[in-house]
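Printed here is start_11.pdb (PDB, C-alpha atoms and all ligand atoms):
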```pdb
MODEL        1
ATOM      1  CA  MET A1358      -3.046 -12.051  22.807
ATOM      2  CA  LYS A1359      -1.794 -11.172  26.289
ATOM      3  CA  SER A1360       1.683 -12.572  25.663
ATOM      4  CA  PHE A1361       1.987 -11.075  22.185
ATOM      5  CA  ASN A1362       4.976  -8.808  21.572
ATOM      6  CA  PHE A1363       3.646  -5.828  19.614
ATOM      7  CA  LYS A1364       6.063  -4.841  16.859
ATOM      8  CA  LYS A1365       6.394  -1.122  16.426
ATOM      9  CA  ARG A1366       8.306  -1.639  13.173
ATOM     10  CA  PHE A1367       5.162  -3.165  11.632
ATOM     11  CA  GLY A1368       2.898  -0.361  12.862
ATOM     12  CA  GLN A1369       0.996  -2.702  15.153
ATOM     13  CA  ASN A1370      -1.692  -0.655  16.894
ATOM     14  CA  PHE A1371      -4.721  -2.877  17.244
ATOM     15  CA  LEU A1372      -8.411  -2.085  17.618
ATOM     16  CA  SER A1373     -10.909  -3.893  19.801
ATOM     17  CA  ASP A1374     -13.903  -1.605  20.333
ATOM     18  CA  THR A1375     -16.874  -3.407  18.748
ATOM     19  CA  ASN A1376     -18.825  -0.213  18.035
ATOM     20  CA  LEU A1377     -15.856   1.280  16.192
ATOM     21  CA  LEU A1378     -15.239  -1.936  14.233
ATOM     22  CA  LYS A1379     -18.907  -2.100  13.211
ATOM     23  CA  GLY A1380     -18.701   1.618  12.391
ATOM     24  CA  ILE A1381     -15.785   1.007  10.008
ATOM     25  CA  CYS A1382     -17.785  -1.734   8.225
ATOM     26  CA  SER A1383     -20.705   0.635   7.889
ATOM     27  CA  ASP A1384     -18.403   3.465   6.669
ATOM     28  CA  ALA A1385     -17.183   1.051   3.988
ATOM     29  CA  GLN A1386     -20.810   0.232   3.077
ATOM     30  CA  ILE A1387     -20.080  -3.484   3.032
ATOM     31  CA  LEU A1388     -22.906  -5.483   1.455
ATOM     32  CA  PRO A1389     -23.498  -9.250   1.847
ATOM     33  CA  ASP A1390     -22.340  -9.882  -1.724
ATOM     34  CA  ASP A1391     -19.094  -7.867  -1.416
ATOM     35  CA  GLU A1392     -15.530  -9.071  -1.714
ATOM     36  CA  VAL A1393     -13.150  -7.258   0.625
ATOM     37  CA  LEU A1394      -9.395  -6.826   0.816
ATOM     38  CA  GLU A1395      -7.969  -6.089   4.256
ATOM     39  CA  VAL A1396      -4.344  -4.978   4.539
ATOM     40  CA  GLY A1397      -2.813  -5.737   7.910
ATOM     41  CA  ALA A1398      -5.191  -8.103   9.703
ATOM     42  CA  GLY A1399      -3.360  -7.893  13.037
ATOM     43  CA  ALA A1400      -5.194  -9.956  15.636
ATOM     44  CA  GLY A1401      -8.241 -10.083  13.395
ATOM     45  CA  ALA A1402     -10.705  -7.814  15.200
ATOM     46  CA  LEU A1403     -11.646  -5.920  12.033
ATOM     47  CA  THR A1404     -11.213  -9.061   9.921
ATOM     48  CA  ARG A1405     -13.924 -10.844  11.915
ATOM     49  CA  GLU A1406     -16.412  -7.977  11.474
ATOM     50  CA  LEU A1407     -15.636  -7.835   7.758
ATOM     51  CA  CYS A1408     -16.145 -11.603   7.412
ATOM     52  CA  HIS A1409     -19.559 -11.294   9.066
ATOM     53  CA  ALA A1410     -20.585  -8.422   6.783
ATOM     54  CA  ALA A1411     -19.159  -9.515   3.403
ATOM     55  CA  LYS A1412     -19.294 -12.531   1.129
ATOM     56  CA  ARG A1413     -15.546 -13.023   1.175
ATOM     57  CA  VAL A1414     -12.458 -11.421   2.730
ATOM     58  CA  VAL A1415      -8.834 -11.671   1.644
ATOM     59  CA  ALA A1416      -6.585 -10.453   4.460
ATOM     60  CA  PHE A1417      -2.850  -9.738   4.207
ATOM     61  CA  GLU A1418      -0.624  -9.836   7.265
ATOM     62  CA  ILE A1419       3.167  -9.535   7.246
ATOM     63  CA  ASP A1420       3.719 -10.888  10.751
ATOM     64  CA  ARG A1421       3.688 -14.689  10.810
ATOM     65  CA  ASP A1422       3.583 -14.644  14.621
ATOM     66  CA  LEU A1423      -0.090 -13.726  14.171
ATOM     67  CA  LYS A1424      -0.818 -16.861  12.147
ATOM     68  CA  PRO A1425      -2.240 -18.950  15.034
ATOM     69  CA  VAL A1426      -4.444 -16.058  16.172
ATOM     70  CA  LEU A1427      -5.794 -15.357  12.692
ATOM     71  CA  GLU A1428      -6.254 -19.004  11.758
ATOM     72  CA  GLY A1429      -8.031 -19.416  15.084
ATOM     73  CA  LEU A1430     -10.760 -17.007  13.947
ATOM     74  CA  GLY A1431     -12.278 -19.939  12.073
ATOM     75  CA  GLU A1432     -14.052 -17.752   9.514
ATOM     76  CA  GLU A1433     -14.957 -19.840   6.477
ATOM     77  CA  ASN A1434     -15.084 -16.940   4.033
ATOM     78  CA  LEU A1435     -11.589 -15.709   4.970
ATOM     79  CA  THR A1436      -8.428 -16.184   2.878
ATOM     80  CA  LEU A1437      -5.274 -15.330   4.822
ATOM     81  CA  VAL A1438      -2.099 -14.263   3.020
ATOM     82  CA  PHE A1439       1.021 -13.972   5.174
ATOM     83  CA  GLU A1440       3.045 -11.680   2.922
ATOM     84  CA  ASP A1441       4.258  -8.109   2.705
ATOM     85  CA  VAL A1442       1.454  -6.542   0.663
ATOM     86  CA  LEU A1443       3.926  -4.226  -1.062
ATOM     87  CA  LYS A1444       5.932  -7.164  -2.356
ATOM     88  CA  VAL A1445       3.008  -8.938  -4.016
ATOM     89  CA  SER A1446       2.119  -7.596  -7.464
ATOM     90  CA  THR A1447      -1.151  -5.721  -7.661
ATOM     91  CA  LYS A1448      -2.144  -7.900 -10.626
ATOM     92  CA  GLN A1449      -1.714 -10.978  -8.436
ATOM     93  CA  ILE A1450      -3.881  -9.377  -5.741
ATOM     94  CA  ASP A1451      -6.541  -8.350  -8.297
ATOM     95  CA  ASP A1452      -6.602 -11.958  -9.505
ATOM     96  CA  MET A1453      -7.570 -13.137  -6.010
ATOM     97  CA  PHE A1454     -10.983 -11.530  -6.541
ATOM     98  CA  ASP A1455     -13.868 -12.593  -8.794
ATOM     99  CA  LYS A1456     -15.053  -8.994  -9.172
ATOM    100  CA  SER A1457     -14.168  -5.508  -7.993
ATOM    101  CA  PHE A1458     -13.295  -5.378  -4.300
ATOM    102  CA  LYS A1459     -13.536  -2.934  -1.410
ATOM    103  CA  LEU A1460     -10.278  -2.193   0.373
ATOM    104  CA  VAL A1461     -10.872  -1.750   4.101
ATOM    105  CA  ALA A1462      -7.946  -1.382   6.474
ATOM    106  CA  ASN A1463      -6.516   0.036   9.625
ATOM    107  CA  LEU A1464      -3.304   0.735   7.737
ATOM    108  CA  PRO A1465       0.170   0.292   9.204
ATOM    109  CA  TYR A1466       1.283   3.906   9.604
ATOM    110  CA  TYR A1467       4.824   3.529   8.306
ATOM    111  CA  ILE A1468       3.646   2.581   4.797
ATOM    112  CA  THR A1469       0.261   4.281   4.472
ATOM    113  CA  SER A1470       1.091   6.305   1.339
ATOM    114  CA  PRO A1471       2.881   3.498  -0.565
ATOM    115  CA  ILE A1472      -0.127   1.220   0.008
ATOM    116  CA  ILE A1473      -2.620   3.876  -1.127
ATOM    117  CA  PHE A1474      -0.525   4.738  -4.211
ATOM    118  CA  LYS A1475      -0.048   1.061  -5.061
ATOM    119  CA  PHE A1476      -3.768   0.350  -5.270
ATOM    120  CA  LEU A1477      -4.821   3.692  -6.772
ATOM    121  CA  LYS A1478      -2.208   3.489  -9.518
ATOM    122  CA  GLU A1479      -2.182  -0.194 -10.310
ATOM    123  CA  SER A1480      -5.371  -1.985  -9.346
ATOM    124  CA  GLU A1481      -7.979  -2.584 -12.020
ATOM    125  CA  LYS A1482     -10.473  -4.009  -9.544
ATOM    126  CA  LEU A1483     -10.382  -1.557  -6.647
ATOM    127  CA  PHE A1484     -13.969  -0.381  -6.075
ATOM    128  CA  SER A1485     -13.500   1.754  -2.975
ATOM    129  CA  LEU A1486     -11.039   2.638  -0.275
ATOM    130  CA  THR A1487     -11.966   2.930   3.415
ATOM    131  CA  VAL A1488      -8.811   3.364   5.424
ATOM    132  CA  MET A1489      -7.781   4.317   8.921
ATOM    133  CA  VAL A1490      -4.814   6.686   8.635
ATOM    134  CA  GLN A1491      -3.043   9.187  10.851
ATOM    135  CA  LYS A1492      -5.036  12.414  11.082
ATOM    136  CA  GLU A1493      -2.292  14.303   9.219
ATOM    137  CA  VAL A1494      -2.378  11.824   6.336
ATOM    138  CA  GLY A1495      -6.177  12.078   6.223
ATOM    139  CA  ALA A1496      -5.852  15.865   6.017
ATOM    140  CA  ARG A1497      -3.433  15.445   3.095
ATOM    141  CA  MET A1498      -5.728  13.016   1.293
ATOM    142  CA  VAL A1499      -8.681  15.419   1.296
ATOM    143  CA  ALA A1500      -6.739  18.714   1.004
ATOM    144  CA  LYS A1501      -7.673  21.263  -1.654
ATOM    145  CA  PRO A1502      -5.190  23.272  -3.783
ATOM    146  CA  GLY A1503      -3.563  26.190  -2.020
ATOM    147  CA  SER A1504      -3.743  24.673   1.462
ATOM    148  CA  LYS A1505      -0.640  23.656   3.385
ATOM    149  CA  ASP A1506      -1.617  19.980   3.267
ATOM    150  CA  TYR A1507      -2.136  19.846  -0.496
ATOM    151  CA  GLY A1508       0.364  17.729  -2.416
ATOM    152  CA  LEU A1509       0.831  14.698  -4.661
ATOM    153  CA  LEU A1510      -1.278  12.464  -2.394
ATOM    154  CA  SER A1511      -4.198  14.946  -2.439
ATOM    155  CA  ALA A1512      -4.056  15.432  -6.216
ATOM    156  CA  SER A1513      -3.790  11.673  -6.779
ATOM    157  CA  CYS A1514      -6.830  10.966  -4.596
ATOM    158  CA  ALA A1515      -8.760  13.738  -6.376
ATOM    159  CA  PHE A1516      -7.809  12.189  -9.728
ATOM    160  CA  PHE A1517      -9.661   9.019  -8.719
ATOM    161  CA  GLY A1518     -12.577  10.341  -6.703
ATOM    162  CA  GLU A1519     -13.729  12.530  -3.857
ATOM    163  CA  PRO A1520     -12.076  11.377  -0.644
ATOM    164  CA  LYS A1521     -13.881  12.284   2.561
ATOM    165  CA  ILE A1522     -12.995  12.074   6.242
ATOM    166  CA  LEU A1523     -15.758   9.827   7.569
ATOM    167  CA  ARG A1524     -14.811   9.842  11.262
ATOM    168  CA  ASN A1525     -12.101  10.916  13.645
ATOM    169  CA  VAL A1526     -10.631   8.253  15.902
ATOM    170  CA  SER A1527      -8.829   9.021  19.148
ATOM    171  CA  ARG A1528      -5.428   7.414  19.760
ATOM    172  CA  LYS A1529      -7.018   5.945  22.914
ATOM    173  CA  MET A1530      -8.983   3.501  20.754
ATOM    174  CA  PHE A1531      -5.793   1.564  19.862
ATOM    175  CA  PHE A1532      -3.593  -0.795  21.780
ATOM    176  CA  PRO A1533      -0.828   0.116  22.183
ATOM    177  CA  ALA A1534      -1.880   3.765  21.763
ATOM    178  CA  PRO A1535       0.055   5.556  18.999
ATOM    179  CA  GLU A1536       1.391   9.090  19.441
ATOM    180  CA  VAL A1537      -1.198  10.682  17.153
ATOM    181  CA  ASP A1538      -4.932  10.591  16.529
ATOM    182  CA  SER A1539      -6.371   8.963  13.434
ATOM    183  CA  CYS A1540      -9.270   9.238  11.060
ATOM    184  CA  ILE A1541     -11.115   7.120   8.538
ATOM    185  CA  VAL A1542     -10.974   8.291   4.940
ATOM    186  CA  GLY A1543     -13.349   6.871   2.370
ATOM    187  CA  MET A1544     -13.560   7.218  -1.387
ATOM    188  CA  LYS A1545     -15.223   5.428  -4.267
ATOM    189  CA  ILE A1546     -12.880   4.903  -7.199
ATOM    190  CA  GLU A1547     -13.965   6.683 -10.373
ATOM    191  CA  ARG A1548     -11.648   5.329 -13.020
ATOM    192  CA  LYS A1549     -13.143   7.425 -15.793
ATOM    193  CA  LYS A1550     -13.277  10.722 -13.947
ATOM    194  CA  PHE A1551     -10.710  12.106 -16.402
ATOM    195  CA  ASP A1552      -9.947  11.009 -19.941
ATOM    196  CA  ILE A1553      -6.243  10.288 -19.539
ATOM    197  CA  SER A1554      -4.477   7.231 -18.226
ATOM    198  CA  ALA A1555      -3.383   7.031 -14.604
ATOM    199  CA  ASP A1556       0.195   6.505 -15.851
ATOM    200  CA  SER A1557       0.251   9.790 -17.801
ATOM    201  CA  PHE A1558      -1.293  11.624 -14.853
ATOM    202  CA  PHE A1559       1.144  10.227 -12.288
ATOM    203  CA  GLU A1560       4.185  10.842 -14.466
ATOM    204  CA  VAL A1561       3.380  14.534 -14.780
ATOM    205  CA  ALA A1562       1.998  15.016 -11.250
ATOM    206  CA  LYS A1563       5.092  13.411  -9.741
ATOM    207  CA  ALA A1564       7.390  15.695 -11.726
ATOM    208  CA  CYS A1565       5.351  18.806 -10.867
ATOM    209  CA  PHE A1566       5.319  18.103  -7.111
ATOM    210  CA  LYS A1567       8.976  17.017  -6.950
ATOM    211  CA  SER A1568      10.129  20.213  -5.295
ATOM    212  CA  ARG A1569       7.402  22.226  -3.577
ATOM    213  CA  ARG A1570       9.258  25.520  -3.708
ATOM    214  CA  LYS A1571       9.988  25.327  -7.431
ATOM    215  CA  THR A1572       7.771  26.554 -10.251
ATOM    216  CA  LEU A1573       6.193  24.071 -12.647
ATOM    217  CA  LEU A1574       8.713  25.179 -15.279
ATOM    218  CA  ASN A1575      11.723  24.374 -13.123
ATOM    219  CA  ASN A1576      10.307  21.048 -11.955
ATOM    220  CA  LEU A1577       9.490  20.018 -15.524
ATOM    221  CA  VAL A1578      12.919  21.029 -16.821
ATOM    222  CA  GLU A1579      14.433  18.970 -14.043
ATOM    223  CA  ALA A1580      12.268  16.036 -15.158
ATOM    224  CA  GLY A1581      13.826  16.243 -18.647
ATOM    225  CA  TYR A1582      11.464  18.487 -20.632
ATOM    226  CA  LYS A1583      13.164  21.084 -22.846
ATOM    227  CA  LYS A1584      12.753  24.708 -21.794
ATOM    228  CA  ALA A1585      12.224  25.908 -25.374
ATOM    229  CA  GLU A1586       9.361  23.466 -25.955
ATOM    230  CA  LEU A1587       7.747  24.231 -22.618
ATOM    231  CA  ALA A1588       7.780  27.921 -23.500
ATOM    232  CA  GLY A1589       5.306  27.209 -26.320
ATOM    233  CA  LEU A1590       2.726  25.570 -24.051
ATOM    234  CA  ASP A1591      -0.558  27.346 -23.413
ATOM    235  CA  PHE A1592      -0.157  26.974 -19.634
ATOM    236  CA  ASP A1593       1.180  29.323 -16.963
ATOM    237  CA  LEU A1594       4.286  27.434 -15.873
ATOM    238  CA  SER A1595       5.317  30.133 -13.407
ATOM    239  CA  ARG A1596       2.739  28.598 -11.026
ATOM    240  CA  ARG A1597       3.571  26.032  -8.384
ATOM    241  CA  ALA A1598       2.024  22.572  -8.353
ATOM    242  CA  GLU A1599       0.376  23.202  -4.983
ATOM    243  CA  THR A1600      -2.031  25.640  -6.705
ATOM    244  CA  LEU A1601      -3.204  23.152  -9.365
ATOM    245  CA  ASP A1602      -6.258  20.964  -8.903
ATOM    246  CA  ALA A1603      -6.504  17.528 -10.494
ATOM    247  CA  ARG A1604      -8.338  18.920 -13.532
ATOM    248  CA  GLU A1605      -5.537  21.425 -14.242
ATOM    249  CA  LEU A1606      -2.895  18.730 -13.788
ATOM    250  CA  VAL A1607      -4.780  16.600 -16.312
ATOM    251  CA  CYS A1608      -4.816  19.559 -18.703
ATOM    252  CA  LEU A1609      -1.070  20.018 -18.302
ATOM    253  CA  ALA A1610      -0.449  16.283 -18.670
ATOM    254  CA  LYS A1611      -2.363  16.303 -21.983
ATOM    255  CA  LEU A1612      -0.344  19.255 -23.286
ATOM    256  CA  LEU A1613       2.900  17.547 -22.297
ATOM    257  CA  THR A1614       1.794  14.292 -23.922
ATOM    258  CA  SER A1615       1.123  16.097 -27.210
ATOM    259  CA  LEU A1616       4.564  17.703 -26.887
ATOM    260  CA  SER A1617       6.244  14.314 -26.523
ATOM    261  CA  ALA A1618       4.197  12.972 -29.474
ATOM    262  CA  GLU A1619       5.332  15.905 -31.665
ATOM    263  CA  GLU A1620       8.922  15.287 -30.598
ATOM    264  CA  ARG A1621       8.614  11.604 -31.535
ATOM    265  CA  SER A1622       7.113  12.377 -34.973
ATOM    266  CA  LYS A1623      10.058  14.637 -35.928
TER     267      LYS A1623
HETATM  268  N1  LIG A1701      -6.391  -4.722  11.474
HETATM  269  C1  LIG A1701      -5.843  -4.794  12.801
HETATM  270  C2  LIG A1701      -6.662  -3.934  13.737
HETATM  271  O1  LIG A1701      -7.335  -3.024  13.238
HETATM  272  O2  LIG A1701      -6.615  -4.170  14.947
HETATM  273  C3  LIG A1701      -4.376  -4.385  12.845
HETATM  274  C4  LIG A1701      -4.037  -3.020  12.282
HETATM  275  S1  LIG A1701      -2.371  -2.532  12.579
HETATM  276  C5  LIG A1701      -2.527  -0.772  12.523
HETATM  277  C6  LIG A1701      -1.542  -2.844  11.040
HETATM  278  C7  LIG A1701      -1.246  -4.287  10.734
HETATM  279  O3  LIG A1701      -0.579  -4.340   9.463
HETATM  280  C8  LIG A1701      -0.295  -4.981  11.708
HETATM  281  O4  LIG A1701      -0.843  -6.196  12.138
HETATM  282  C9  LIG A1701       1.001  -5.220  10.918
HETATM  283  O5  LIG A1701       1.716  -6.368  11.313
HETATM  284  C10 LIG A1701       0.454  -5.321   9.503
HETATM  285  N2  LIG A1701       1.439  -4.950   8.460
HETATM  286  C11 LIG A1701       2.457  -4.072   8.557
HETATM  287  N3  LIG A1701       3.135  -3.972   7.412
HETATM  288  C12 LIG A1701       2.522  -4.811   6.535
HETATM  289  C13 LIG A1701       2.766  -5.157   5.179
HETATM  290  N4  LIG A1701       3.782  -4.611   4.490
HETATM  291  N5  LIG A1701       1.975  -6.086   4.590
HETATM  292  C14 LIG A1701       0.941  -6.652   5.292
HETATM  293  N6  LIG A1701       0.669  -6.351   6.580
HETATM  294  C15 LIG A1701       1.428  -5.443   7.196
ENDMDL
END
```

What is this structure when it is put down as structure tokens?
Ligand code: SAM
Amino acid sequence: MKSFNFKKRFGQNFLSDTNLLKGICSDAQILPDDEVLEVGAGAGALTRELCHAAKRVVAFEIDRDLKPVLEGLGEENLTLVFEDVLKVSTKQIDDMFDKSFKLVANLPYYITSPIIFKFLKESEKLFSLTVMVQKEVGARMVAKPGSKDYGLLSASCAFFGEPKILRNVSRKMFFPAPEVDSCIVGMKIERKKFDISADSFFEVAKACFKSRRKTLLNNLVEAGYKKAELAGLDFDLSRRAETLDARELVCLAKLLTSLSAEERSK
């Protein structure tokens, strides 16, 4: 790896500390019968630990320059996929697994949120998420309503489970060292936590959080709802989305769904 040219544009900050790598596997509670998805295998340090802990690992890596290094790991239970994970359909990724899988990754920082949203929203087989993210992103994932970090990412994570910061990781643990510290966030996916579809939730949550300074009413009008109909809803739309927890967003989403159904039946 000495001659490898690290690519900042791919968020390449690699880990090598064995205790930390083993710690991530234990944070993810990997069992010998588990199937694991790793996003961004890099030079394979985490991949190797995952292969030793799990039954099978599917690892995505965008950078084909890492192919010889990763193929050189020689792990028999490893499937390598040299693709941009965001360009492969989630259904296709789900189909690579026999059963539900654990996503474990030291995520590339420039696309952390898109990757998290992709799997939360679309995967039918995601069992849990254990991801290394920038400290600020971790704070957003676990934030509660009313705090400065609370937003769409926080509400979306809360819709699917109870994300927790499992450990803080100093920037010194990476090579090359990034400009910020990181943390590991873990959550088990609870698909039936609320009785509405993820699509209905995301549609409404996205509209509500569109502009932080605007009230729910103004954001919803901007999203195409009619002011007169909204006025009849049993919900205080003078509030801002940042004060609503996932349960209240679900409540609002249900009211808005019944509104659209009424509109359709006219
Ligand atoms: N897992 C390794 C480790 O912990 O040392 C590397 C982690 S590094 C933070 C992120 C890795 O994700 C890099 O190797 C980068 O090339 C890869 N990557 C970046 N964008 C990607 C994408 N869209 N799809 C798949 N891999 C990607």

Q) What residues come out when you apply the PyMOL selection byres (((not hetatm)) within 7 of (chain A and resi 1701)) to this file, written as a list of chain:residue names? A)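 On the file shown, the PyMOL selection byres (((not hetatm)) within 7 of (chain A and resi 1701)) covers A:Phe1367, A:Gly1368, A:Gln1369, A:Asn1370, A:Phe1371, A:Leu1372, A:Ser1373, A:Val1396, A:Gly1397, A:Ala1398, A:Gly1399, A:Ala1400, A:Gly1401, A:Ala1402, A:Leu1403, A:Thr1404, A:Phe1417, A:Glu1418, A:Ile1419, A:Asp1420, A:Glu1440, A:Asp1441, A:Val1442, A:Leu1443, A:Ala1462, A:Asn1463, A:Leu1464, A:Pro1465, A:Tyr1466.
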
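Take the candidates A:Val1393, A:Leu1510, A:Val1426, A:Cys1382 and check each one against Phe1454 of chain A using all atoms listed in the file; the shortest distance goes to A:Val1393.
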
Q.
What's the separation between atom CA of Lys1478 of chain A and atom CA of Val1415 of chain A, in Å to one decimal place?
A. 20.0 Å

Q | Residue IDs satisfying the PyMOL selection byres (((chain A and resi 1447) around 12) and not hetatm), as a PyMOL selection string | A | chain A and resi 1394+1441-1446+1448-1454+1472-1483

Q | Residue among A:Leu1377, A:Ile1468, A:Cys1540, A:Val1461 lying closest to Gln1491 of chain A, counting only C-alpha atoms | A |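 Smallest separation from Gln1491 of chain A among the options: A:Cys1540.
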
Q) Can you list, as a PyMOL selection string, every protein, DNA or RNA residue that comes within 8 Å of Lys1545 of chain A when you count all atoms listed in the file, leaving out same-chain residues fewer than 4 positions away? A) chain A and resi 1484-1486+1517-1520

Quick one: which residues end up in the PyMOL selection byres (((chain A and resi 1512) around 9) and not hetatm) for this structure, as a tab-separated table (two decimals) with C-alpha atoms, in the coordinates of the input?
```tsv
chain	number	residue	atom	x	y	z
A	1498	MET	CA	-5.73	13.02	1.29
A	1499	VAL	CA	-8.68	15.42	1.30
A	1500	ALA	CA	-6.74	18.71	1.00
A	1501	LYS	CA	-7.67	21.26	-1.65
A	1502	PRO	CA	-5.19	23.27	-3.78
A	1507	TYR	CA	-2.14	19.85	-0.50
A	1508	GLY	CA	0.36	17.73	-2.42
A	1509	LEU	CA	0.83	14.70	-4.66
A	1510	LEU	CA	-1.28	12.46	-2.39
A	1511	SER	CA	-4.20	14.95	-2.44
A	1513	SER	CA	-3.79	11.67	-6.78
A	1514	CYS	CA	-6.83	10.97	-4.60
A	1515	ALA	CA	-8.76	13.74	-6.38
A	1516	PHE	CA	-7.81	12.19	-9.73
A	1517	PHE	CA	-9.66	9.02	-8.72
A	1562	ALA	CA	2.00	15.02	-11.25
A	1601	LEU	CA	-3.20	23.15	-9.36
A	1602	ASP	CA	-6.26	20.96	-8.90
A	1603	ALA	CA	-6.50	17.53	-10.49
A	1606	LEU	CA	-2.90	18.73	-13.79
```

Q | Å distance separating atom CA of Ser1595 of chain A from atom CA of Thr1572 of chain A, one decimal place | A | 5.4 Å

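Taking atom CA of Asp1556 of chain A as the reference point, atom CA of Thr1469 of chain A is found at 20.4 Å.
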
Q: Excluding Leu1388 of chain A and residues on its chain fewer than 2 positions from it, collect all residues at most 8 Å away from it, counting all atoms listed in the file, and give them as a PyMOL selection string.
A: chain A and resi 1386+1390-1391+1410-1412

(Q) From the options A:Cys1408, A:Leu1577, A:Leu1378, A:Ala1585, which residue's atoms come nearest to Ala1564 of chain A, counting only C-alpha atoms? (A) A:Leu1577

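The neighbours of Glu1428 of chain A here are the residues that come within 10 Å of it, using all atoms listed in the file and leaving out any residue fewer than 4 positions away in the same chain; they are Ala1400, Gly1401, Leu1423, Lys1424, Glu1432, Leu1435, Thr1436 and Leu1437 of chain A.
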
Take the structure in the block and write a file for segment 1374-1386 of chain A, N, CA and C atoms, as an mmCIF file, in the first residue's frame.
```
data_model
loop_
_atom_site.group_PDB
_atom_site.id
_atom_site.type_symbol
_atom_site.label_atom_id
_atom_site.label_comp_id
_atom_site.auth_asym_id
_atom_site.auth_seq_id
_atom_site.Cartn_x
_atom_site.Cartn_y
_atom_site.Cartn_z
ATOM 1 N N ASP A 1374 -5.773 0.103 12.805
ATOM 2 C CA ASP A 1374 -5.623 -0.331 14.191
ATOM 3 C C ASP A 1374 -6.494 -1.571 14.476
ATOM 4 N N THR A 1375 -5.829 -2.680 14.793
ATOM 5 C CA THR A 1375 -6.552 -3.955 14.961
ATOM 6 C C THR A 1375 -7.599 -3.889 16.073
ATOM 7 N N ASN A 1376 -7.250 -3.216 17.187
ATOM 8 C CA ASN A 1376 -8.233 -3.141 18.282
ATOM 9 C C ASN A 1376 -9.490 -2.411 17.840
ATOM 10 N N LEU A 1377 -9.299 -1.311 17.082
ATOM 11 C CA LEU A 1377 -10.459 -0.555 16.609
ATOM 12 C C LEU A 1377 -11.284 -1.395 15.630
ATOM 13 N N LEU A 1378 -10.590 -2.088 14.725
ATOM 14 C CA LEU A 1378 -11.304 -2.903 13.723
ATOM 15 C C LEU A 1378 -12.104 -4.015 14.399
ATOM 16 N N LYS A 1379 -11.492 -4.644 15.403
ATOM 17 C CA LYS A 1379 -12.214 -5.687 16.160
ATOM 18 C C LYS A 1379 -13.366 -5.044 16.931
ATOM 19 N N GLY A 1380 -13.123 -3.832 17.429
ATOM 20 C CA GLY A 1380 -14.166 -3.101 18.169
ATOM 21 C C GLY A 1380 -15.376 -2.821 17.278
ATOM 22 N N ILE A 1381 -15.118 -2.466 16.018
ATOM 23 C CA ILE A 1381 -16.240 -2.175 15.104
ATOM 24 C C ILE A 1381 -17.056 -3.457 14.874
ATOM 25 N N CYS A 1382 -16.353 -4.586 14.699
ATOM 26 C CA CYS A 1382 -17.062 -5.873 14.515
ATOM 27 C C CYS A 1382 -17.896 -6.193 15.748
ATOM 28 N N SER A 1383 -17.342 -5.880 16.925
ATOM 29 C CA SER A 1383 -18.124 -6.197 18.123
ATOM 30 C C SER A 1383 -19.274 -5.192 18.283
ATOM 31 N N ASP A 1384 -19.071 -3.926 17.901
ATOM 32 C CA ASP A 1384 -20.179 -2.952 17.919
ATOM 33 C C ASP A 1384 -21.329 -3.444 17.035
ATOM 34 N N ALA A 1385 -20.952 -4.052 15.899
ATOM 35 C CA ALA A 1385 -21.963 -4.502 14.933
ATOM 36 C C ALA A 1385 -22.590 -5.837 15.347
ATOM 37 N N GLN A 1386 -22.065 -6.408 16.440
ATOM 38 C CA GLN A 1386 -22.562 -7.699 16.953
ATOM 39 C C GLN A 1386 -22.634 -8.755 15.855
#
```
